[in-house]
$ cat model-v3.cif   # mmCIF, C-alpha atoms
data_entry
#
loop_
_atom_site.label_atom_id
_atom_site.label_comp_id
_atom_site.auth_asym_id
_atom_site.auth_seq_id
_atom_site.Cartn_x
_atom_site.Cartn_y
_atom_site.Cartn_z
CA MET A 1 -18.93 36.56 52.11
CA SER A 2 -16.25 33.98 52.63
CA ALA A 3 -14.03 31.65 50.63
CA HIS A 4 -12.38 28.47 51.80
CA THR A 5 -9.94 26.27 49.89
CA GLU A 6 -8.60 22.79 50.49
CA TYR A 7 -6.66 20.36 48.33
CA LEU A 8 -7.25 16.61 48.23
CA TRP A 9 -4.36 14.32 47.37
CA MET A 10 -5.18 11.37 45.16
CA GLU A 11 -2.98 8.36 44.48
CA THR A 12 -4.77 5.38 43.01
CA PRO A 13 -2.89 2.05 43.30
CA GLU A 14 -3.76 1.10 39.72
CA ARG A 15 -3.51 3.14 36.57
CA ARG A 16 -7.26 3.58 36.66
CA GLY A 17 -9.63 3.97 39.53
CA PHE A 18 -12.73 5.71 40.81
CA VAL A 19 -12.79 7.55 44.14
CA ASN A 20 -16.03 8.80 45.66
CA LEU A 21 -15.23 12.30 46.97
CA THR A 22 -18.68 13.18 48.29
CA ASP A 23 -18.01 12.78 52.02
CA ARG A 24 -14.72 14.65 51.81
CA VAL A 25 -16.38 17.53 49.98
CA ARG A 26 -19.18 17.52 52.54
CA ALA A 27 -16.63 17.82 55.37
CA ILE A 28 -14.86 20.70 53.62
CA VAL A 29 -18.16 22.52 53.19
CA ALA A 30 -18.80 22.09 56.93
CA ARG A 31 -15.34 23.47 57.77
CA SER A 32 -15.82 26.41 55.39
CA GLY A 33 -18.65 27.90 57.37
CA VAL A 34 -20.44 28.71 54.10
CA TRP A 35 -24.22 28.60 54.54
CA ASP A 36 -25.35 29.55 51.03
CA GLY A 37 -23.03 29.32 48.05
CA LEU A 38 -21.15 27.12 45.64
CA VAL A 39 -18.31 24.63 45.91
CA LEU A 40 -15.98 23.92 43.02
CA VAL A 41 -14.38 20.46 42.85
CA SER A 42 -11.82 20.44 40.07
CA ALA A 43 -9.03 18.14 38.95
CA MET A 44 -5.62 19.85 38.94
CA HIS A 45 -4.25 17.31 36.44
CA ILE A 46 -5.55 16.71 32.95
CA THR A 47 -5.56 12.93 32.87
CA ALA A 48 -8.25 12.49 35.51
CA ALA A 49 -11.89 13.58 35.56
CA VAL A 50 -14.28 14.90 38.20
CA TYR A 51 -17.95 14.22 37.54
CA VAL A 52 -21.30 13.73 39.28
CA ASN A 53 -23.16 10.46 38.89
CA ASP A 54 -24.39 7.42 40.78
CA ALA A 55 -22.33 5.34 43.26
CA GLU A 56 -23.52 2.02 41.85
CA PRO A 57 -20.58 -0.39 41.21
CA GLY A 58 -21.98 -1.79 37.95
CA LEU A 59 -22.31 1.73 36.63
CA LEU A 60 -18.67 2.46 37.46
CA ASP A 61 -17.75 -0.53 35.27
CA ASP A 62 -20.03 0.80 32.55
CA ILE A 63 -18.44 4.25 32.69
CA ALA A 64 -14.92 2.78 32.52
CA ALA A 65 -15.84 0.56 29.55
CA TRP A 66 -17.61 3.41 27.78
CA ALA A 67 -14.69 5.79 28.22
CA ASP A 68 -12.41 3.08 26.83
CA ARG A 69 -14.65 2.60 23.83
CA LEU A 70 -14.90 6.30 22.97
CA ALA A 71 -11.31 7.23 23.90
CA PRO A 72 -9.35 3.99 23.56
CA PRO A 73 -5.72 3.47 24.44
CA GLY A 74 -3.75 3.59 21.20
CA ASP A 75 -1.25 5.50 19.17
CA TYR A 76 -1.57 9.24 19.72
CA ALA A 77 0.48 12.16 18.43
CA HIS A 78 0.95 13.12 22.08
CA HIS A 79 3.09 10.00 22.49
CA ARG A 80 5.90 11.55 20.44
CA THR A 81 6.74 13.36 23.69
CA GLY A 82 7.46 10.02 25.33
CA GLU A 83 4.12 9.93 27.14
CA ASP A 84 1.74 7.02 26.71
CA ASN A 85 -1.40 8.54 28.22
CA GLY A 86 -3.13 10.17 25.22
CA ASP A 87 -6.34 8.30 25.95
CA ALA A 88 -6.36 9.61 29.54
CA HIS A 89 -6.32 13.21 28.26
CA LEU A 90 -9.32 12.47 26.03
CA LYS A 91 -11.17 10.76 28.87
CA ASN A 92 -10.73 13.91 30.98
CA LEU A 93 -12.48 15.82 28.18
CA LEU A 94 -15.19 13.19 27.77
CA LEU A 95 -16.19 12.91 31.43
CA GLY A 96 -15.38 16.47 32.48
CA HIS A 97 -12.73 18.25 34.46
CA GLN A 98 -14.79 19.66 37.30
CA VAL A 99 -18.15 20.12 38.95
CA LEU A 100 -19.74 22.97 40.84
CA LEU A 101 -22.06 21.92 43.65
CA PRO A 102 -24.64 24.08 45.39
CA VAL A 103 -24.45 24.64 49.16
CA THR A 104 -27.77 25.46 50.84
CA ARG A 105 -28.28 25.92 54.58
CA GLY A 106 -24.72 24.78 55.17
CA GLU A 107 -25.07 21.45 53.34
CA LEU A 108 -24.32 20.08 49.89
CA ASP A 109 -27.63 20.50 48.07
CA LEU A 110 -27.68 17.28 46.04
CA GLY A 111 -30.39 15.11 44.53
CA PRO A 112 -30.98 11.59 45.89
CA TRP A 113 -28.36 9.85 43.72
CA GLU A 114 -25.82 12.58 43.06
CA GLN A 115 -22.29 11.64 44.13
CA VAL A 116 -19.05 13.40 43.23
CA TYR A 117 -16.44 11.13 41.68
CA TYR A 118 -12.78 11.40 40.87
CA ALA A 119 -11.97 9.16 37.89
CA GLU A 120 -8.29 8.45 37.44
CA PHE A 121 -6.94 7.33 34.08
CA ASP A 122 -3.21 7.68 34.68
CA GLY A 123 -2.66 7.00 38.35
CA ARG A 124 -0.01 5.44 40.57
CA ARG A 125 1.27 8.92 41.35
CA ARG A 126 0.19 11.77 43.56
CA LYS A 127 -2.23 14.26 42.06
CA ARG A 128 -4.37 16.99 43.53
CA VAL A 129 -8.00 18.03 43.42
CA ILE A 130 -8.90 21.55 44.49
CA VAL A 131 -12.07 22.19 46.49
CA LYS A 132 -13.04 25.85 46.83
CA VAL A 133 -16.17 27.00 48.64
CA LEU A 134 -17.51 30.49 48.00
CA GLY A 135 -20.59 32.01 49.55
CA LEU A 136 -22.38 33.65 52.42
CA GLY A 137 -21.91 32.67 56.03
CA ARG A 138 -24.77 31.72 58.32
CA PRO A 139 -27.13 34.62 58.98
CA THR A 140 -26.54 36.01 62.44
CA ASP A 141 -29.29 36.12 65.07
CA ALA A 142 -29.28 39.86 64.69
CA ALA A 143 -30.39 39.47 61.09
CA SER A 144 -33.13 36.95 61.89
CA PRO A 145 -36.72 37.93 62.49
CA ALA A 146 -37.49 38.37 66.17
CA MET B 1 -23.52 39.85 48.25
CA SER B 2 -26.60 37.74 47.95
CA ALA B 3 -27.63 34.21 47.07
CA HIS B 4 -30.97 33.01 45.79
CA THR B 5 -32.09 29.43 45.13
CA GLU B 6 -35.05 27.96 43.32
CA TYR B 7 -35.88 24.46 42.14
CA LEU B 8 -37.54 23.63 38.84
CA TRP B 9 -39.65 20.48 38.59
CA MET B 10 -39.35 18.55 35.35
CA GLU B 11 -41.63 15.76 34.15
CA THR B 12 -41.36 14.95 30.48
CA PRO B 13 -44.29 12.97 29.04
CA GLU B 14 -41.96 10.68 27.09
CA ARG B 15 -38.86 8.88 28.22
CA ARG B 16 -36.79 11.47 26.36
CA GLY B 17 -37.35 15.14 25.83
CA PHE B 18 -35.75 18.54 25.61
CA VAL B 19 -36.96 21.50 27.67
CA ASN B 20 -35.68 25.02 27.04
CA LEU B 21 -35.07 26.50 30.50
CA THR B 22 -33.77 29.90 29.41
CA ASP B 23 -36.83 32.00 30.22
CA ARG B 24 -37.32 30.32 33.58
CA VAL B 25 -33.69 30.94 34.51
CA ARG B 26 -34.03 34.53 33.34
CA ALA B 27 -37.05 35.02 35.63
CA ILE B 28 -35.19 33.53 38.59
CA VAL B 29 -32.26 35.88 37.99
CA ALA B 30 -34.71 38.80 38.00
CA ARG B 31 -36.24 37.63 41.29
CA SER B 32 -32.79 37.13 42.83
CA GLY B 33 -31.93 40.80 42.70
CA VAL B 34 -28.38 39.85 41.65
CA TRP B 35 -26.83 42.52 39.42
CA ASP B 36 -23.40 41.04 38.81
CA GLY B 37 -22.67 37.39 39.42
CA LEU B 38 -23.18 33.80 38.34
CA VAL B 39 -26.13 31.44 38.13
CA LEU B 40 -25.72 27.68 38.39
CA VAL B 41 -28.27 25.50 36.59
CA SER B 42 -27.68 21.89 37.55
CA ALA B 43 -29.57 18.62 37.18
CA MET B 44 -30.32 16.97 40.52
CA HIS B 45 -30.69 13.55 38.86
CA ILE B 46 -28.02 11.71 36.95
CA THR B 47 -30.01 10.52 33.97
CA ALA B 48 -30.69 13.98 32.55
CA ALA B 49 -28.33 16.65 31.26
CA VAL B 50 -28.21 20.44 31.38
CA TYR B 51 -26.31 22.10 28.56
CA VAL B 52 -26.08 25.31 26.53
CA ASN B 53 -26.67 25.24 22.79
CA ASP B 54 -28.98 26.45 20.06
CA ALA B 55 -32.82 26.26 20.15
CA GLU B 56 -33.09 25.02 16.57
CA PRO B 57 -35.42 21.96 16.28
CA GLY B 58 -33.30 20.12 13.71
CA LEU B 59 -30.32 20.45 16.02
CA LEU B 60 -32.30 18.95 18.90
CA ASP B 61 -32.90 15.91 16.69
CA ASP B 62 -29.21 15.81 15.84
CA ILE B 63 -28.22 15.95 19.51
CA ALA B 64 -30.65 13.16 20.40
CA ALA B 65 -29.39 10.95 17.55
CA TRP B 66 -25.76 11.69 18.39
CA ALA B 67 -26.22 10.86 22.06
CA ASP B 68 -27.87 7.60 21.02
CA ARG B 69 -25.00 6.76 18.74
CA LEU B 70 -22.28 7.41 21.33
CA ALA B 71 -24.19 6.11 24.33
CA PRO B 72 -26.70 3.62 22.90
CA PRO B 73 -29.38 1.78 24.80
CA GLY B 74 -28.09 -1.74 25.43
CA ASP B 75 -26.93 -4.19 28.01
CA TYR B 76 -25.11 -2.47 30.85
CA ALA B 77 -23.67 -3.80 34.10
CA HIS B 78 -25.86 -1.23 35.84
CA HIS B 79 -28.90 -3.22 34.74
CA ARG B 80 -28.07 -5.99 37.22
CA THR B 81 -29.69 -3.67 39.77
CA GLY B 82 -32.98 -3.97 37.90
CA GLU B 83 -32.59 -0.60 36.21
CA ASP B 84 -32.68 -0.28 32.43
CA ASN B 85 -31.31 3.25 32.06
CA GLY B 86 -27.56 2.72 31.75
CA ASP B 87 -27.48 4.70 28.53
CA ALA B 88 -29.16 7.66 30.25
CA HIS B 89 -26.36 7.83 32.84
CA LEU B 90 -23.77 7.92 30.06
CA LYS B 91 -25.69 10.59 28.17
CA ASN B 92 -25.63 12.76 31.30
CA LEU B 93 -21.83 12.46 31.23
CA LEU B 94 -21.63 13.10 27.49
CA LEU B 95 -23.77 16.25 27.41
CA GLY B 96 -22.95 17.55 30.86
CA HIS B 97 -24.63 17.82 34.21
CA GLN B 98 -24.76 21.58 34.64
CA VAL B 99 -23.96 25.02 33.33
CA LEU B 100 -22.90 28.24 35.00
CA LEU B 101 -24.20 31.39 33.36
CA PRO B 102 -22.93 34.91 33.86
CA VAL B 103 -25.25 37.64 35.14
CA THR B 104 -24.30 41.20 34.14
CA ARG B 105 -26.32 44.32 34.93
CA GLY B 106 -29.12 42.12 36.26
CA GLU B 107 -29.52 40.05 33.09
CA LEU B 108 -28.29 36.72 31.80
CA ASP B 109 -25.19 37.63 29.80
CA LEU B 110 -25.55 35.25 26.86
CA GLY B 111 -24.37 35.25 23.28
CA PRO B 112 -26.90 35.51 20.44
CA TRP B 113 -27.68 31.78 20.20
CA GLU B 114 -27.02 30.54 23.70
CA GLN B 115 -29.99 28.77 25.26
CA VAL B 116 -30.05 26.60 28.38
CA TYR B 117 -31.54 23.15 27.84
CA TYR B 118 -32.67 20.32 30.06
CA ALA B 119 -32.25 17.02 28.19
CA GLU B 120 -34.18 14.16 29.74
CA PHE B 121 -33.18 10.56 28.99
CA ASP B 122 -35.27 8.73 31.59
CA GLY B 123 -38.40 10.79 32.08
CA ARG B 124 -42.05 10.19 32.85
CA ARG B 125 -41.34 11.00 36.50
CA ARG B 126 -40.74 14.12 38.52
CA LYS B 127 -37.16 15.34 38.75
CA ARG B 128 -35.60 18.57 39.92
CA VAL B 129 -33.16 21.11 38.57
CA ILE B 130 -31.52 23.52 41.00
CA VAL B 131 -30.94 27.14 40.04
CA LYS B 132 -28.70 29.11 42.38
CA VAL B 133 -27.74 32.73 41.77
CA LEU B 134 -24.75 34.20 43.60
CA GLY B 135 -23.44 37.71 43.25
CA LEU B 136 -23.60 41.38 44.05
CA GLY B 137 -26.80 43.37 44.27
CA ARG B 138 -27.41 46.51 42.27
CA PRO B 139 -25.13 49.35 43.32
CA THR B 140 -27.02 51.83 45.44
CA ASP B 141 -27.26 55.50 44.53
CA ALA B 142 -25.09 56.22 47.52
CA ALA B 143 -22.30 54.22 45.93
CA SER B 144 -22.63 55.90 42.53
CA PRO B 145 -20.51 58.84 41.51
CA ALA B 146 -22.31 62.14 42.09
CA MET C 1 -16.83 41.03 47.41
CA SER C 2 -16.25 42.12 43.87
CA ALA C 3 -17.06 41.08 40.34
CA HIS C 4 -15.18 41.94 37.18
CA THR C 5 -16.13 41.09 33.59
CA GLU C 6 -14.23 41.23 30.32
CA TYR C 7 -14.93 39.86 26.86
CA LEU C 8 -12.32 38.32 24.59
CA TRP C 9 -12.81 38.52 20.84
CA MET C 10 -11.84 35.45 18.87
CA GLU C 11 -11.42 35.20 15.11
CA THR C 12 -9.51 32.18 13.92
CA PRO C 13 -8.15 32.42 10.35
CA GLU C 14 -9.24 28.85 9.56
CA ARG C 15 -12.53 27.15 10.21
CA ARG C 16 -10.88 25.31 13.10
CA GLY C 17 -8.26 26.39 15.52
CA PHE C 18 -7.06 26.24 19.09
CA VAL C 19 -6.24 29.36 21.09
CA ASN C 20 -4.53 29.18 24.47
CA LEU C 21 -6.36 31.69 26.67
CA THR C 22 -4.43 31.11 29.88
CA ASP C 23 -2.30 34.27 29.87
CA ARG C 24 -5.26 36.46 28.93
CA VAL C 25 -7.34 35.01 31.75
CA ARG C 26 -4.43 35.49 34.14
CA ALA C 27 -4.20 39.18 33.17
CA ILE C 28 -7.95 39.64 33.68
CA VAL C 29 -7.72 38.07 37.13
CA ALA C 30 -4.92 40.52 37.98
CA ARG C 31 -7.02 43.47 36.79
CA SER C 32 -10.05 42.24 38.73
CA GLY C 33 -8.40 42.69 42.09
CA VAL C 34 -9.96 39.42 43.24
CA TRP C 35 -7.76 37.66 45.80
CA ASP C 36 -9.87 34.59 46.56
CA GLY C 37 -12.64 33.45 44.27
CA LEU C 38 -13.61 31.93 40.96
CA VAL C 39 -13.28 32.92 37.31
CA LEU C 40 -15.71 31.71 34.66
CA VAL C 41 -14.39 31.40 31.10
CA SER C 42 -17.31 30.61 28.82
CA ALA C 43 -17.90 30.56 25.06
CA MET C 44 -20.69 32.91 23.98
CA HIS C 45 -21.22 30.93 20.77
CA ILE C 46 -22.26 27.31 20.53
CA THR C 47 -19.91 26.11 17.84
CA ALA C 48 -16.72 26.58 19.85
CA ALA C 49 -15.58 24.97 23.10
CA VAL C 50 -13.66 26.13 26.16
CA TYR C 51 -11.80 23.42 28.04
CA VAL C 52 -8.81 22.79 30.28
CA ASN C 53 -6.01 20.50 29.15
CA ASP C 54 -2.35 20.39 28.20
CA ALA C 55 -0.60 22.84 25.80
CA GLU C 56 1.26 20.07 23.96
CA PRO C 57 0.96 20.43 20.14
CA GLY C 58 0.64 16.71 19.46
CA LEU C 59 -2.23 16.56 21.93
CA LEU C 60 -4.01 19.40 20.15
CA ASP C 61 -3.86 17.29 16.98
CA ASP C 62 -5.18 14.31 18.92
CA ILE C 63 -8.08 16.33 20.32
CA ALA C 64 -8.99 17.66 16.87
CA ALA C 65 -8.89 14.17 15.35
CA TRP C 66 -10.86 12.68 18.23
CA ALA C 67 -13.57 15.34 18.03
CA ASP C 68 -13.80 14.66 14.29
CA ARG C 69 -14.15 10.95 14.87
CA LEU C 70 -16.89 11.26 17.50
CA ALA C 71 -18.71 14.23 15.94
CA PRO C 72 -17.83 14.05 12.24
CA PRO C 73 -18.79 16.56 9.58
CA GLY C 74 -21.76 15.13 7.72
CA ASP C 75 -25.41 15.48 6.99
CA TYR C 76 -27.31 16.87 9.96
CA ALA C 77 -30.96 17.86 10.39
CA HIS C 78 -29.63 21.26 11.45
CA HIS C 79 -28.46 21.80 7.88
CA ARG C 80 -32.04 22.19 6.69
CA THR C 81 -31.70 25.74 8.04
CA GLY C 82 -28.97 26.42 5.49
CA GLU C 83 -26.19 25.99 8.04
CA ASP C 84 -23.41 23.47 7.51
CA ASN C 85 -21.92 23.40 11.00
CA GLY C 86 -23.87 20.62 12.75
CA ASP C 87 -20.66 18.87 13.71
CA ALA C 88 -19.37 22.06 15.36
CA HIS C 89 -22.44 22.16 17.65
CA LEU C 90 -21.79 18.58 18.72
CA LYS C 91 -18.10 19.26 19.30
CA ASN C 92 -19.07 22.09 21.65
CA LEU C 93 -21.07 19.55 23.65
CA LEU C 94 -18.29 16.96 23.54
CA LEU C 95 -15.46 19.21 24.72
CA GLY C 96 -17.49 21.54 26.91
CA HIS C 97 -18.78 25.05 26.79
CA GLN C 98 -16.98 26.59 29.72
CA VAL C 99 -14.61 26.20 32.64
CA LEU C 100 -14.51 27.67 36.12
CA LEU C 101 -11.04 28.29 37.48
CA PRO C 102 -10.09 28.91 41.10
CA VAL C 103 -8.31 32.12 42.10
CA THR C 104 -6.18 31.89 45.25
CA ARG C 105 -4.00 34.67 46.65
CA GLY C 106 -4.72 36.73 43.54
CA GLU C 107 -3.49 34.11 41.07
CA LEU C 108 -5.06 31.39 38.92
CA ASP C 109 -4.75 28.29 41.10
CA LEU C 110 -3.88 25.70 38.45
CA GLY C 111 -2.04 22.41 38.44
CA PRO C 112 1.28 22.08 36.59
CA TRP C 113 -0.18 21.28 33.16
CA GLU C 114 -3.57 22.96 33.26
CA GLN C 115 -4.10 25.42 30.42
CA VAL C 116 -7.37 27.02 29.30
CA TYR C 117 -8.14 26.55 25.62
CA TYR C 118 -10.62 27.98 23.18
CA ALA C 119 -11.36 25.39 20.48
CA GLU C 120 -13.01 26.84 17.40
CA PHE C 121 -14.95 24.61 15.02
CA ASP C 122 -16.66 27.22 12.87
CA GLY C 123 -14.31 30.17 12.70
CA ARG C 124 -13.35 32.87 10.25
CA ARG C 125 -15.74 35.24 12.01
CA ARG C 126 -15.70 37.25 15.20
CA LYS C 127 -16.98 35.51 18.31
CA ARG C 128 -16.78 36.33 21.98
CA VAL C 129 -15.70 34.58 25.16
CA ILE C 130 -16.84 36.00 28.48
CA VAL C 131 -14.50 36.04 31.47
CA LYS C 132 -16.14 36.89 34.80
CA VAL C 133 -14.23 36.94 38.08
CA LEU C 134 -16.16 36.78 41.35
CA GLY C 135 -14.66 36.78 44.82
CA LEU C 136 -13.13 38.55 47.74
CA GLY C 137 -10.58 41.33 47.44
CA ARG C 138 -7.22 41.26 49.13
CA PRO C 139 -7.53 41.37 52.92
CA THR C 140 -6.64 44.83 54.17
CA ASP C 141 -3.87 45.39 56.70
CA ALA C 142 -6.53 46.33 59.19
CA ALA C 143 -7.95 42.83 58.92
CA SER C 144 -4.59 41.11 59.31
CA PRO C 145 -3.29 39.89 62.63
CA ALA C 146 -0.96 42.39 64.25
#
$ encode --input "model-v3.cif" --output "structure tokens"
Amino acid sequence: MSAHTEYLWMETPERRGFVNLTDRVRAIVARSGVWDGLVLVSAMHITAAVYVNDAEPGLLDDIAAWADRLAPPGDYAHHRTGEDNGDAHLKNLLLGHQVLLPVTRGELDLGPWEQVYYAEFDGRRRKRVIVKVLGLGRPTDAASPA
Amino acid sequence: MSAHTEYLWMETPERRGFVNLTDRVRAIVARSGVWDGLVLVSAMHITAAVYVNDAEPGLLDDIAAWADRLAPPGDYAHHRTGEDNGDAHLKNLLLGHQVLLPVTRGELDLGPWEQVYYAEFDGRRRKRVIVKVLGLGRPTDAASPA
Amino acid sequence: MSAHTEYLWMETPERRGFVNLTDRVRAIVARSGVWDGLVLVSAMHITAAVYVNDAEPGLLDDIAAWADRLAPPGDYAHHRTGEDNGDAHLKNLLLGHQVLLPVTRGELDLGPWEQVYYAEFDGRRRKRVIVKVLGLGRPTDAASPA
């Protein structure tokens, strides 16, 4: 059994932005040596989301508009602290904080349209995403049938 | 440590539908031989959800109506691709893409009302759900106290 | 590889309430002996949520108000069973049923503001949360480089 951890740094140029993490997660899985297991991709800040969905640009616009409709910018109790990002906290809850992806035969085991996204709602600063792979290494020749 | 993976094929007769996966997941856990660990149940398509809640029929109606209220069918940017399922993508995000269930002493370790559901929002075609069990096998007699 | 499971009992004095579980989860991770792995924190009832966000009191008010706006108390089909907690089921789906936290070098590997919360929406009775840690133990001296 092995575990492998890497951290991705995010810094979107605008307050909001979507970043497709799929290829970076795929590369981390390859470096991990895990053959059969799970990989956690989780935001380390609570004003960004990590979710799985399609990489279609129109859909990204739809997701942004939908999150704004259900968790609009506005006047939140949280703003008494001097912050102005109450809506970003709620969007994290709406879209989700993390995903857990299966690794099978050394590869991300995803359906045809599944892509892992980082959705930033309070960017223009450096934030981290943790990627932790846990699972079994590749079976050795010794363990394979002759 | 062992890992075990199976895929469930879904094909709801209507565009929308709920399928209780609990017994199928339970059977996969039994076949896995995992005694203490975790089982991931995750949609492989992004227009269906996997969630845990109650198996009460009235509640299924409530969940369907609620998802329609918060993520209604309508005119989405995603539809410029020729698709008409923008609302189904948003419902996946609302209800969740996956669940991770604990396995203890070889059984799903669920509370009294917890059931695993597949919620389809763009059905009438074949889609997959991945079920991956990861954990320790049953302790051998040799490892037990005398 | 090792696995370690504990159950937390919750009983909020009011129908609704937030409980910060972070320190309890941290203590369970310490008792587990897991050095590198994952810890699942999952509600065992479907009218409470487990999520990660900030421990700021104003934000807790915002989350409660937001959940009430998107999943209001009201007349649900589920209530034909005699229950009156339909909104609590939907709030579980909105905020999430569970989280999976990384464990690195024997500690919860969280960002600066990440806290694990239990959000009760139908309290005044005893309910459980399961905490299961899965991962590798501390490397032994024998395995370390000389």
$ residues_around --input "model-v3.cif" --residues "Tyr51 of chain B" --least-positions-apart "6" --cutoff "12 Å" --atoms "all atoms listed in the file" --output "JSON, numbers by chain"
{"B": [18, 19, 20, 21, 22, 40, 41, 42, 43, 60, 63, 91, 92, 93, 94, 95, 96, 97, 98, 99, 100, 101, 114, 115, 116, 117, 118, 119, 120], "C": [46, 89, 90, 92, 93, 94, 95, 96, 97, 98]}
$ resolve_selection --input "model-v3.cif" --expression "the PyMOL selection byres ((chain A and resi 32) around 10)" --output "list in words"
Ser2, Ala3, His4, Thr5, Glu6, Arg26, Ala27, Ile28, Val29, Ala30, Arg31, Gly33, Val34, Trp35, Val39, Gly106, Lys132, Val133, Leu134, Gly135 and Gly137 of chain A
$ interface_residues --input "model-v3.cif" --of "chain A" --to "chain B" --cutoff "6 Å" --atoms "all atoms listed in the file" --output "tab-separated table (two decimals) with C-alpha atoms, in the coordinates of the input"
chain	number	residue	atom	x	y	z
A	53	ASN	CA	-23.16	10.46	38.89
A	58	GLY	CA	-21.98	-1.79	37.95
A	59	LEU	CA	-22.31	1.73	36.63
A	95	LEU	CA	-16.19	12.91	31.43
A	111	GLY	CA	-30.39	15.11	44.53
$ atom_distance --input "model-v3.cif" --atom1 "atom CA of Leu8 of chain A" --atom2 "atom CA of Pro57 of chain C"
29.5 Å
$ atom_distance --input "model-v3.cif" --atom1 "atom CA of Gly82 of chain B" --atom2 "atom CA of Asp62 of chain A"
14.8 Å
$ closest_residue --input "model-v3.cif" --among "A:Glu56, A:Asp23, A:Asp84, A:Glu11" --to "Pro72 of chain A" --atoms "only C-alpha atoms"
A:Asp84
$ atom_distance --input "model-v3.cif" --atom1 "atom CA of Arg105 of chain B" --atom2 "atom CA of Val52 of chain C"
28.1 Å
$ residues_around --input "model-v3.cif" --residues "Val103 of chain B" --least-positions-apart "3" --cutoff "6 Å" --atoms "all atoms listed in the file" --output "PDB file with C-alpha atoms, in the frame of the given file"
ATOM      1  CA  ASP B  36     -23.400  41.040  38.810  1.00  0.00           C
ATOM      2  CA  GLY B  37     -22.670  37.390  39.420  1.00  0.00           C
ATOM      3  CA  LEU B  38     -23.180  33.800  38.340  1.00  0.00           C
ATOM      4  CA  GLU B 107     -29.520  40.050  33.090  1.00  0.00           C
ATOM      5  CA  LEU B 108     -28.290  36.720  31.800  1.00  0.00           C
ATOM      6  CA  ASP B 109     -25.190  37.630  29.800  1.00  0.00           C
TER       7      ASP B 109
END
